Each structure stands twice: as C-alpha cells, then as structure tokens.
$ cat protein_21.cif   # mmCIF, C-alpha atoms and all ligand atoms
data_input
loop_
_atom_site.label_atom_id
_atom_site.label_comp_id
_atom_site.auth_asym_id
_atom_site.auth_seq_id
_atom_site.Cartn_x
_atom_site.Cartn_y
_atom_site.Cartn_z
CA MET A 1 1.61 31.62 79.98
CA GLU A 2 0.01 30.22 83.11
CA VAL A 3 1.61 27.12 84.64
CA ALA A 4 -0.78 24.54 86.11
CA VAL A 5 0.57 22.70 89.18
CA GLY A 6 -0.94 19.87 91.27
CA LEU A 7 0.09 19.12 94.87
CA VAL A 8 -0.50 15.69 96.45
CA ALA A 9 0.45 15.27 100.13
CA GLN A 10 0.58 11.83 101.73
CA ARG A 11 -2.75 11.28 103.44
CA ASP A 12 -2.80 11.68 107.23
CA ASN A 13 0.71 13.14 107.14
CA GLU A 14 0.41 16.56 108.78
CA ARG A 15 3.96 17.56 107.84
CA ALA A 16 3.26 16.79 104.20
CA GLN A 17 -0.03 18.67 104.31
CA ALA A 18 1.57 21.70 105.98
CA LEU A 19 4.30 21.73 103.32
CA ALA A 20 1.64 21.59 100.60
CA ARG A 21 -0.04 24.62 102.16
CA GLU A 22 3.33 26.46 102.36
CA ILE A 23 4.15 25.72 98.71
CA LYS A 24 0.70 26.80 97.54
CA THR A 25 0.70 30.01 99.61
CA THR A 26 4.23 30.98 98.55
CA LEU A 27 3.61 30.40 94.85
CA GLU A 28 0.31 32.28 94.92
CA GLU A 29 2.07 35.23 96.53
CA VAL A 30 5.25 35.20 94.46
CA GLN A 31 4.04 33.95 91.08
CA SER A 32 0.30 34.62 91.28
CA ALA A 33 0.05 35.83 87.70
CA SER A 34 1.72 32.81 86.18
CA VAL A 35 0.59 29.86 88.28
CA ASP A 36 -2.60 27.94 88.92
CA ILE A 37 -2.02 25.52 91.81
CA VAL A 38 -4.45 22.93 93.23
CA VAL A 39 -4.20 20.32 95.98
CA ASP A 40 -5.75 16.85 96.09
CA GLU A 41 -9.06 16.27 97.85
CA LEU A 42 -7.72 14.78 101.10
CA THR A 43 -5.13 17.54 101.42
CA GLY A 44 -7.79 20.14 100.62
CA GLU A 45 -9.88 18.82 103.51
CA ALA A 46 -6.84 18.89 105.82
CA ILE A 47 -5.82 22.48 105.00
CA ASP A 48 -9.36 23.82 104.53
CA ASP A 49 -8.96 24.43 100.81
CA ALA A 50 -10.77 23.24 97.71
CA GLY A 51 -9.22 20.04 96.35
CA VAL A 52 -9.42 18.01 93.15
CA SER A 53 -9.13 14.27 92.70
CA VAL A 54 -5.59 13.23 91.77
CA ASP A 55 -6.71 11.55 88.54
CA ARG A 56 -7.93 14.96 87.32
CA MET A 57 -4.40 16.37 87.66
CA HIS A 58 -3.16 14.51 84.56
CA ASP A 59 -3.53 17.65 82.42
CA ARG A 60 -1.38 19.83 84.72
CA ASP A 61 2.14 20.94 83.71
CA PHE A 62 3.50 18.96 86.65
CA VAL A 63 2.39 17.34 89.90
CA VAL A 64 4.30 17.42 93.21
CA SER A 65 4.16 14.24 95.33
CA ILE A 66 4.92 14.99 99.00
CA GLY A 67 5.43 11.79 101.02
CA GLY A 68 7.21 8.49 100.54
CA ASP A 69 7.55 6.00 97.72
CA GLY A 70 4.01 4.78 98.02
CA THR A 71 2.56 8.23 97.55
CA LEU A 72 4.70 8.81 94.47
CA LEU A 73 3.69 5.39 93.09
CA PHE A 74 0.08 6.35 93.76
CA VAL A 75 0.49 9.70 91.95
CA ALA A 76 2.15 7.90 89.02
CA ARG A 77 -0.80 5.49 88.79
CA GLU A 78 -3.22 8.41 88.72
CA VAL A 79 -1.49 10.94 86.43
CA GLY A 80 0.60 8.64 84.17
CA PRO A 81 2.99 10.57 81.90
CA THR A 82 2.38 13.97 83.56
CA PRO A 83 5.75 15.13 84.99
CA ILE A 84 6.14 14.40 88.71
CA LEU A 85 8.39 16.06 91.31
CA GLY A 86 8.95 13.86 94.38
CA VAL A 87 9.44 15.56 97.77
CA ASN A 88 10.67 13.11 100.40
CA LEU A 89 8.62 13.03 103.58
CA GLY A 90 8.19 9.26 103.93
CA GLU A 91 9.96 6.56 105.88
CA VAL A 92 12.23 5.67 102.97
CA GLY A 93 11.39 7.92 100.04
CA PHE A 94 13.78 6.23 97.66
CA LEU A 95 11.98 7.65 94.65
CA ASN A 96 11.78 11.20 96.02
CA ALA A 97 14.85 13.35 95.35
CA VAL A 98 13.89 16.68 96.96
CA SER A 99 14.15 17.30 100.70
CA PRO A 100 11.32 19.19 102.44
CA ALA A 101 13.68 22.13 103.08
CA ASP A 102 14.31 22.54 99.35
CA ALA A 103 10.73 21.92 98.23
CA VAL A 104 9.51 25.50 97.84
CA ASP A 105 12.58 26.53 95.83
CA ALA A 106 12.39 23.38 93.68
CA VAL A 107 8.72 23.99 92.81
CA THR A 108 9.33 27.71 92.17
CA ASP A 109 12.24 26.88 89.85
CA LEU A 110 10.07 24.34 88.03
CA VAL A 111 7.30 26.90 87.50
CA THR A 112 9.88 29.27 86.01
CA ALA A 113 11.24 26.51 83.77
CA ALA A 114 7.71 25.59 82.66
CA THR A 115 7.03 29.25 81.82
CA GLU A 116 10.12 29.41 79.63
CA ALA A 117 9.84 26.05 77.88
CA ASP A 118 7.15 24.14 75.98
CA SER A 119 7.79 21.04 78.08
CA LEU A 120 9.77 20.19 81.17
CA GLU A 121 12.94 18.12 80.87
CA GLY A 122 13.04 15.13 83.17
CA ARG A 123 14.10 11.54 83.72
CA THR A 124 11.91 9.00 81.88
CA LEU A 125 11.15 5.83 83.84
CA SER A 126 9.80 2.73 82.11
CA ARG A 127 6.64 1.01 83.33
CA LEU A 128 5.45 -2.55 82.85
CA THR A 129 2.09 -4.13 82.13
CA ALA A 130 0.77 -7.69 81.93
CA THR A 131 -1.84 -9.45 79.81
CA GLU A 132 -3.18 -12.98 79.52
CA ALA A 133 -3.05 -14.73 76.12
CA ASP A 134 -6.80 -15.35 75.90
CA GLY A 135 -7.78 -12.87 78.57
CA ASP A 136 -9.74 -9.63 78.29
CA TRP A 137 -7.70 -7.67 80.81
CA GLU A 138 -4.53 -5.59 80.91
CA LEU A 139 -2.94 -4.83 84.26
CA GLU A 140 -2.50 -1.26 85.55
CA PRO A 141 1.04 -0.11 84.58
CA ALA A 142 3.73 -0.78 87.21
CA LEU A 143 6.63 1.57 87.94
CA ASN A 144 8.37 -0.92 90.27
CA GLU A 145 7.45 -4.45 89.26
CA ILE A 146 4.94 -7.02 88.14
CA VAL A 147 4.62 -9.99 90.50
CA ILE A 148 3.05 -13.31 89.48
CA HIS A 149 2.49 -15.67 92.41
CA GLY A 150 0.43 -18.62 93.55
CA PRO A 151 -2.53 -18.56 95.94
CA ARG A 152 -0.49 -16.95 98.73
CA ARG A 153 3.06 -16.26 99.84
CA GLY A 154 4.67 -18.80 102.12
CA HIS A 155 4.23 -22.49 102.93
CA GLY A 156 1.63 -24.28 100.83
CA GLY A 157 0.98 -21.19 98.69
CA GLY A 158 3.25 -21.95 95.78
CA ALA A 159 2.72 -23.09 92.23
CA THR A 160 4.67 -24.40 89.26
CA ILE A 161 6.14 -21.31 87.60
CA ASP A 162 7.51 -21.64 84.06
CA VAL A 163 9.48 -18.62 82.81
CA ARG A 164 10.12 -18.25 79.08
CA VAL A 165 12.42 -15.60 77.67
CA ASP A 166 12.10 -14.88 73.95
CA GLY A 167 10.10 -18.12 73.67
CA ARG A 168 12.81 -20.25 75.31
CA ARG A 169 12.43 -21.77 78.76
CA TYR A 170 14.64 -20.02 81.31
CA VAL A 171 13.39 -21.97 84.33
CA GLU A 172 10.48 -24.09 85.52
CA SER A 173 10.21 -24.62 89.26
CA HIS A 174 7.84 -24.89 92.17
CA ALA A 175 8.02 -21.42 93.70
CA ASP A 176 6.05 -18.74 95.50
CA GLY A 177 6.19 -16.83 92.24
CA VAL A 178 8.34 -14.65 89.99
CA LEU A 179 8.72 -10.90 89.61
CA VAL A 180 9.77 -8.71 86.68
CA ALA A 181 11.23 -5.41 87.90
CA THR A 182 12.16 -2.16 86.19
CA PRO A 183 15.44 -0.45 87.12
CA THR A 184 13.30 1.83 89.34
CA GLY A 185 11.82 -1.18 91.11
CA SER A 186 15.14 -3.03 91.36
CA THR A 187 15.61 -1.48 94.82
CA ALA A 188 12.14 -2.50 96.04
CA TYR A 189 10.54 -5.97 96.14
CA ASN A 190 13.16 -7.27 93.68
CA LEU A 191 15.95 -6.44 96.13
CA SER A 192 14.19 -8.18 99.02
CA GLU A 193 13.87 -11.28 96.82
CA GLY A 194 17.60 -11.30 96.07
CA GLY A 195 17.57 -9.50 92.72
CA PRO A 196 20.31 -7.06 91.70
CA ILE A 197 20.21 -3.28 92.03
CA VAL A 198 20.04 -1.69 88.55
CA GLN A 199 21.13 1.89 87.82
CA PRO A 200 17.97 3.85 86.80
CA SER A 201 19.44 4.91 83.43
CA THR A 202 19.98 1.26 82.40
CA ASP A 203 17.74 -0.02 79.61
CA ALA A 204 16.94 -3.38 81.19
CA LEU A 205 14.46 -5.47 83.20
CA VAL A 206 15.17 -8.03 85.91
CA VAL A 207 13.45 -11.45 86.22
CA THR A 208 13.72 -12.74 89.80
CA GLN A 209 12.21 -15.98 91.15
CA MET A 210 10.52 -15.88 94.57
CA ALA A 211 11.38 -18.75 96.96
CA ALA A 212 11.96 -21.23 94.12
CA ALA A 213 12.70 -24.91 94.85
CA ASP A 214 14.97 -25.02 91.77
CA ALA A 215 16.40 -21.55 91.70
CA MET A 216 18.15 -19.91 88.80
CA PRO A 217 20.04 -16.62 89.24
CA PRO A 218 18.03 -13.45 88.55
CA LEU A 219 18.15 -12.69 84.83
CA VAL A 220 18.70 -9.21 83.35
CA VAL A 221 17.01 -8.85 79.94
CA ASP A 222 16.47 -6.30 77.19
CA PRO A 223 13.11 -4.57 77.87
CA GLU A 224 11.87 -5.53 74.39
CA THR A 225 12.43 -9.26 75.04
CA PRO A 226 9.15 -11.24 75.10
CA LEU A 227 8.59 -12.54 78.65
CA GLU A 228 5.98 -15.23 79.33
CA VAL A 229 5.14 -16.80 82.69
CA THR A 230 2.99 -19.92 82.85
CA VAL A 231 1.45 -20.83 86.21
CA SER A 232 0.11 -24.33 86.89
CA GLY A 233 -0.29 -26.74 89.79
CA ALA A 234 -2.43 -24.41 91.89
CA GLU A 235 -6.12 -23.64 92.25
CA THR A 236 -5.57 -19.93 91.82
CA ALA A 237 -2.81 -17.36 91.19
CA TYR A 238 -2.40 -13.59 91.00
CA VAL A 239 -0.58 -11.02 88.90
CA ILE A 240 0.10 -7.79 90.81
CA SER A 241 1.29 -4.32 89.80
CA ASP A 242 3.38 -2.38 92.35
CA GLY A 243 1.86 -4.32 95.21
CA ARG A 244 -1.48 -2.56 94.73
CA ASN A 245 -3.41 -3.61 91.62
CA ARG A 246 -4.03 -7.34 91.23
CA GLN A 247 -5.70 -9.64 88.73
CA ARG A 248 -6.86 -13.11 89.81
CA LEU A 249 -5.80 -15.94 87.50
CA GLU A 250 -7.14 -19.46 86.91
CA PRO A 251 -4.23 -21.85 86.32
CA PRO A 252 -3.06 -23.22 84.03
CA VAL A 253 -2.52 -19.77 82.58
CA THR A 254 0.15 -17.88 80.64
CA VAL A 255 0.82 -14.20 81.37
CA THR A 256 2.89 -11.93 79.12
CA VAL A 257 4.85 -9.10 80.80
CA SER A 258 5.91 -6.19 78.59
CA LEU A 259 6.71 -2.47 78.58
CA ALA A 260 3.67 -0.26 79.13
CA ASN A 261 2.96 2.46 76.56
CA ASP A 262 3.29 5.40 78.95
CA PRO A 263 6.51 5.84 80.93
CA ILE A 264 6.74 8.15 83.94
CA THR A 265 8.71 11.43 83.88
CA LEU A 266 10.39 12.64 87.08
CA VAL A 267 11.30 16.33 87.03
CA GLY A 268 13.24 18.70 89.26
CA PRO A 269 16.58 18.12 91.00
CA GLN A 270 17.69 14.48 90.78
CA GLY A 271 19.95 13.31 93.59
CA SER A 272 22.84 10.86 93.12
CA PHE A 273 21.48 7.32 92.69
CA VAL A 274 24.47 5.76 94.43
CA ASP A 275 24.31 8.24 97.33
CA GLY A 276 20.59 7.44 97.61
CA LEU A 277 21.34 3.76 98.18
CA GLU A 278 22.11 4.60 101.81
CA LYS A 279 18.32 5.00 102.26
CA LEU A 280 18.08 1.23 101.83
CA GLU A 281 20.13 0.58 104.97
N1 LIG B 301 8.77 -7.12 100.07
C1 LIG B 301 7.46 -7.36 100.06
O1 LIG B 301 6.94 -8.34 100.53
C2 LIG B 301 6.60 -6.31 99.43
C3 LIG B 301 5.21 -6.43 99.51
C4 LIG B 301 4.43 -5.42 98.91
C5 LIG B 301 5.06 -4.35 98.27
N2 LIG B 301 6.39 -4.34 98.20
C6 LIG B 301 7.06 -3.26 97.50
O2 LIG B 301 6.46 -2.04 97.84
C7 LIG B 301 6.13 -1.38 96.62
C8 LIG B 301 4.92 -0.54 96.83
O3 LIG B 301 5.35 0.47 97.71
P1 LIG B 301 4.30 1.05 98.72
O4 LIG B 301 4.99 2.11 99.52
O5 LIG B 301 3.03 1.36 97.98
O6 LIG B 301 4.02 -0.26 99.54
P2 LIG B 301 4.36 -0.48 101.04
O7 LIG B 301 3.63 0.51 101.86
O8 LIG B 301 4.20 -1.94 101.30
O9 LIG B 301 5.93 -0.10 101.08
C9 LIG B 301 6.91 -1.10 100.83
C10 LIG B 301 8.29 -0.50 101.05
O10 LIG B 301 8.94 -0.46 99.77
C11 LIG B 301 9.53 0.82 99.62
N3 LIG B 301 9.66 1.10 98.18
C12 LIG B 301 8.66 1.26 97.29
N4 LIG B 301 9.17 1.47 96.08
C13 LIG B 301 10.52 1.45 96.21
C14 LIG B 301 11.62 1.59 95.30
N5 LIG B 301 11.41 1.78 94.00
N6 LIG B 301 12.88 1.48 95.77
C15 LIG B 301 13.11 1.26 97.08
N7 LIG B 301 12.13 1.10 98.00
C16 LIG B 301 10.85 1.20 97.55
C17 LIG B 301 8.58 1.76 100.33
O11 LIG B 301 9.23 2.96 100.64
C18 LIG B 301 8.28 0.95 101.56
O12 LIG B 301 9.36 1.08 102.48
C19 LIG B 301 5.86 -2.49 95.62
O13 LIG B 301 6.08 -2.02 94.30
C20 LIG B 301 6.91 -3.49 96.02
O14 LIG B 301 8.14 -3.15 95.40
C21 LIG B 301 7.19 -5.26 98.77
N1 LIG B 302 -3.28 12.37 98.99
C1 LIG B 302 -3.70 11.09 98.86
N2 LIG B 302 -4.93 10.81 98.39
C2 LIG B 302 -5.36 9.52 98.29
N3 LIG B 302 -4.62 8.43 98.64
C3 LIG B 302 -3.37 8.66 99.10
C4 LIG B 302 -2.84 9.99 99.24
N4 LIG B 302 -1.57 9.90 99.74
C5 LIG B 302 -1.32 8.57 99.90
N5 LIG B 302 -2.39 7.83 99.51
C6 LIG B 302 -2.50 6.35 99.55
O1 LIG B 302 -1.50 5.88 100.45
C7 LIG B 302 -0.68 4.92 99.81
C8 LIG B 302 0.76 5.15 100.21
O2 LIG B 302 0.74 5.02 101.61
P1 LIG B 302 2.12 4.77 102.35
O3 LIG B 302 1.85 4.84 103.78
O4 LIG B 302 2.77 3.57 101.76
O5 LIG B 302 2.89 6.10 101.94
P2 LIG B 302 4.41 6.28 101.55
O6 LIG B 302 4.37 7.44 100.62
O7 LIG B 302 5.01 5.01 101.07
O8 LIG B 302 5.08 6.77 102.92
P3 LIG B 302 5.97 5.88 103.87
O9 LIG B 302 7.33 5.83 103.20
O10 LIG B 302 5.93 6.64 105.14
O11 LIG B 302 5.27 4.51 103.92
C9 LIG B 302 -0.84 5.13 98.34
O12 LIG B 302 -0.72 3.86 97.67
C10 LIG B 302 -2.24 5.68 98.22
O13 LIG B 302 -3.17 4.60 98.08
#

$ encode --input "protein_21.cif" --output "structure tokens" --more "lines below"
Ligand SMILES: NC(=O)c1ccc[n+]([C@@H]2O[C@H](COP(=O)([O-])OP(=O)(O)OC[C@H]3O[C@@H](n4cnc5c(N)ncnc54)[C@H](O)[C@@H]3O)[C@@H](O)[C@H]2O)c1
Ligand SMILES: Nc1ncnc2c1ncn2[C@@H]1O[C@H](COP(=O)(O)OP(=O)(O)OP(=O)(O)O)[C@@H](O)[C@H]1O
Amino acid sequence: MEVAVGLVAQRDNERAQALAREIKTTLEEVQSASVDIVVDELTGEAIDDAGVSVDRMHDRDFVVSIGGDGTLLFVAREVGPTPILGVNLGEVGFLNAVSPADAVDAVTDLVTAATEADSLEGRTLSRLTATEADGDWELEPALNEIVIHGPRRGHGGGATIDVRVDGRRYVESHADGVLVATPTGSTAYNLSEGGPIVQPSTDALVVTQMAAADAMPPLVVDPETPLEVTVSGAETAYVISDGRNRQRLEPPVTVTVSLANDPITLVGPQGSFVDGLEKLE
C-alpha cells in the first residue's frame, strides 16, 4: 500500500526548505516503492521541484509542517482533519514536537506505521468556530482561539462586551474584547491576556476578557456549554480565528462560539507538555 505524504516548509525559511528536500530525497531512496511524497508550491519553487497547493494535501495520509506555530496553524487551516506532524524550526514552535535532527526518522517511522495500519494514531485537538444568530457566515475553525473585539485594540477601541454562559450572564463590561481559547491555544493569546495554561488533554475551554474595565477571572467551561458574546456600544467589531481569519460585525450583535465539527490530529512523537512550557520563557 502506497503512503501519501505532504511536506510544507515555512515560506522563506531556507533551513525548513532544505529539510523538506532532505526528507523527500531520503524517503524516495529508502521507501520509494511505498511512498508518494509532495511539497507545497512555495517550497517546490525554492527547491526546484514540482509543488502542490497545501489545500490539495487534505487527502494525503499525513502532512509534515516544518516551521513554527504559525506554519502549523496554517497547515491545519488548509488540511483540516488530515494528520499533521509538526517539525520545529520556528522562533517558538510550541505546537511542533519534533526537532529538525529527528525529522527524517520521525517521518520514516510514520510512513512505516501508515503502511501497517488503516489509520494513524495521534492526539486529537479541538477547534472552535463562531456564528452570528441572524448571520449567514461561519468563521474558519480556530485551533488556538476565537477573539471578539471592538473596532481596535487599545485606547478608544473598546466596546460593551456581554458574556453569557449557558444562557446566564457571566460578565458585562467595557473591554477591548473577549477570547475563547482551546487547551492548545491556552499558551498563546489567552496566556498573554492573563488566562490560565490548560493541559492539552483537558476537555475544556477558557473564556478570558481582554482589558476589561470590570474584570472577572478567566472562566474554564465544558466545551459543550453554549457561549454567547453580545457586542454593543461601538460602531464596528470583529470576530477573529487564530489571529488570521476575521469577520466584521455590526453592533449590537450576538456571536455564538462553539466546537467546530473537525478537530485536528497531531501524529508522531509527542514531547512532554510541561517540559515544552520552557519554550514560553
Ligand atoms: N498577543 C497578541 O496580541 C496576538 C496577536 C495575534 C496573534 N496572537 C496569537 O498568535 C496566534 C497565531 O500564531 P501565528 O504564528 O500565526 O501569529 P504570529 O506570527 O502573530 O505569532 C504569534 C506568536 O504566538 C505563538 N503561538 C501561536 N500559537 C501558539 C500556541 N498554541 N502556544 C504558544 N504560542 C503560540 C507563535 O509562535 C508566535 O510566537 C493566534 O492564534 C494568537 O494566539 C497573539
Ligand atoms: N509553505 C507555505 N505556503 C504558504 N504560506 C505559508 C507557508 N509557510 C508559512 N506560510 C504563511 O506564513 C504564516 C506563518 O508565518 P510565521 O512567520 O508566523 O511562521 P511561524 O511558523 O509562526 O514561524 P515563527 O515561529 O518563526 O514565527 C502562515 O500563517 C501562512 O500564512
């Protein structure tokens, strides 16, 4: 059975692109009969190889993200539930468990595992989405967090943010905004806004206000709990997924944040979460 692999190297990162070339060359030499391996378009241009767009890698057995957190978040947006192996070549790389030195072996082992099993075992990570009660949009799934904020961050950019949990008001305050983070995203924007770090295996979400005049502590909730955020007192507002995909809102407006249908699956060696926290220093 042939194993289909995708490689995505962080754009403009020569080390990541060179590692992609090394992985591809090694696998084609060692496991040529059992592997079909492609790189993304930008990496293909960089290493003089044919490339495919990342969103066409969703039907591969797994995709390797070589870079930092942002590249892995990008790959997750493009391939959704397709298993992802994160190789850490970014500034932080909190989401990427495999070091560059171990990358070739980790990918080779994964090809072998994929040959021997119908599906790869991995760690499932929840994602979030957002919708508006009377709106015709649904936000791109977020692996880290959904942010809802006023016209802009900082002085004069706030709004009245009303947070309801299971239909009951948790807090209403003038604030920059509020974020709902997954355990994965608890170490990202959530942490810089004073939210708690949540162990990845925990079945929970975190609701954290952003620069609120009347602050309540961050609230940890069951992921199935209905979460509604009403924004008023501002000309405009935004709901944003992982800092990248945003939907403009026209207050007063109520946004519902909930679990997205498709989680993400990380495969390959998983480092120790607690040991990884040193990357945040
Ligand atoms: N603090 C802020 O003002 C702010 C603004 C935009 C984005 N962000 C965060 O960055 C994320 C997007 O990452 P990016 O790399 O595309 O944007 P980016 O290039 O702005 O990177 C933001 C930083 O967050 C780190 N990061 C991302 N996900 C992380 C995680 N799960 N745990 C620990 N650190 C993490 C990245 O490595 C990078 O150092 C967003 O989901 C949000 O969490 C924070
Ligand atoms: N191969 C690629 N093809 C297309 N876009 C890419 C590719 N690699 C990265 N990107 C874009 O770059 C963004 C991530 O850039 P960023 O500089 O944040 O990388 P990173 O992985 O977080 O590394 P670092 O930790 O060094 O910041 C992604 O959101 C995506 O838009």

$ atom_distance --input "protein_21.cif" --atom1 "atom C4 of ligand LIG 302 (chain B)" --atom2 "CA of Asn96 (chain A)"
15.0 Å

$ atom_distance --input "protein_21.cif" --atom1 "CA of Asp262 (chain A)" --atom2 "CA of Asp275 (chain A)"
28.1 Å

$ atom_distance --input "protein_21.cif" --atom1 "CA of Ser232 (chain A)" --atom2 "CA of Gly158 (chain A)"
9.7 Å

$ closest_residue --input "protein_21.cif" --among "A:Gln10, A:Ser258, A:Ser173, A:Thr108" --to "ligand LIG 301 (chain B)" --atoms "only C-alpha atoms and all ligand atoms"
A:Gln10

$ residues_around --input "protein_21.cif" --residues "Thr82 (chain A)" --least-positions-apart "6" --cutoff "9 Å" --atoms "all atoms listed in the file" --output "list in words"
Met57, His58, Asp59, Arg60, Asp61, Phe62, Val63, Ala76, Ile264, Thr265 and Leu266 of chain A

$ write_last_selection --input "protein_21.cif" --atoms "C-alpha atoms" --output "compact mmCIF listing (two decimals), in the coordinates of the input"
# COMPACT_ATOMS: atom_id res chain seq x y z
CA MET A 57 -4.40 16.37 87.66
CA HIS A 58 -3.16 14.51 84.56
CA ASP A 59 -3.53 17.65 82.42
CA ARG A 60 -1.38 19.83 84.72
CA ASP A 61 2.14 20.94 83.71
CA PHE A 62 3.50 18.96 86.65
CA VAL A 63 2.39 17.34 89.90
CA ALA A 76 2.15 7.90 89.02
CA ILE A 264 6.74 8.15 83.94
CA THR A 265 8.71 11.43 83.88
CA LEU A 266 10.39 12.64 87.08
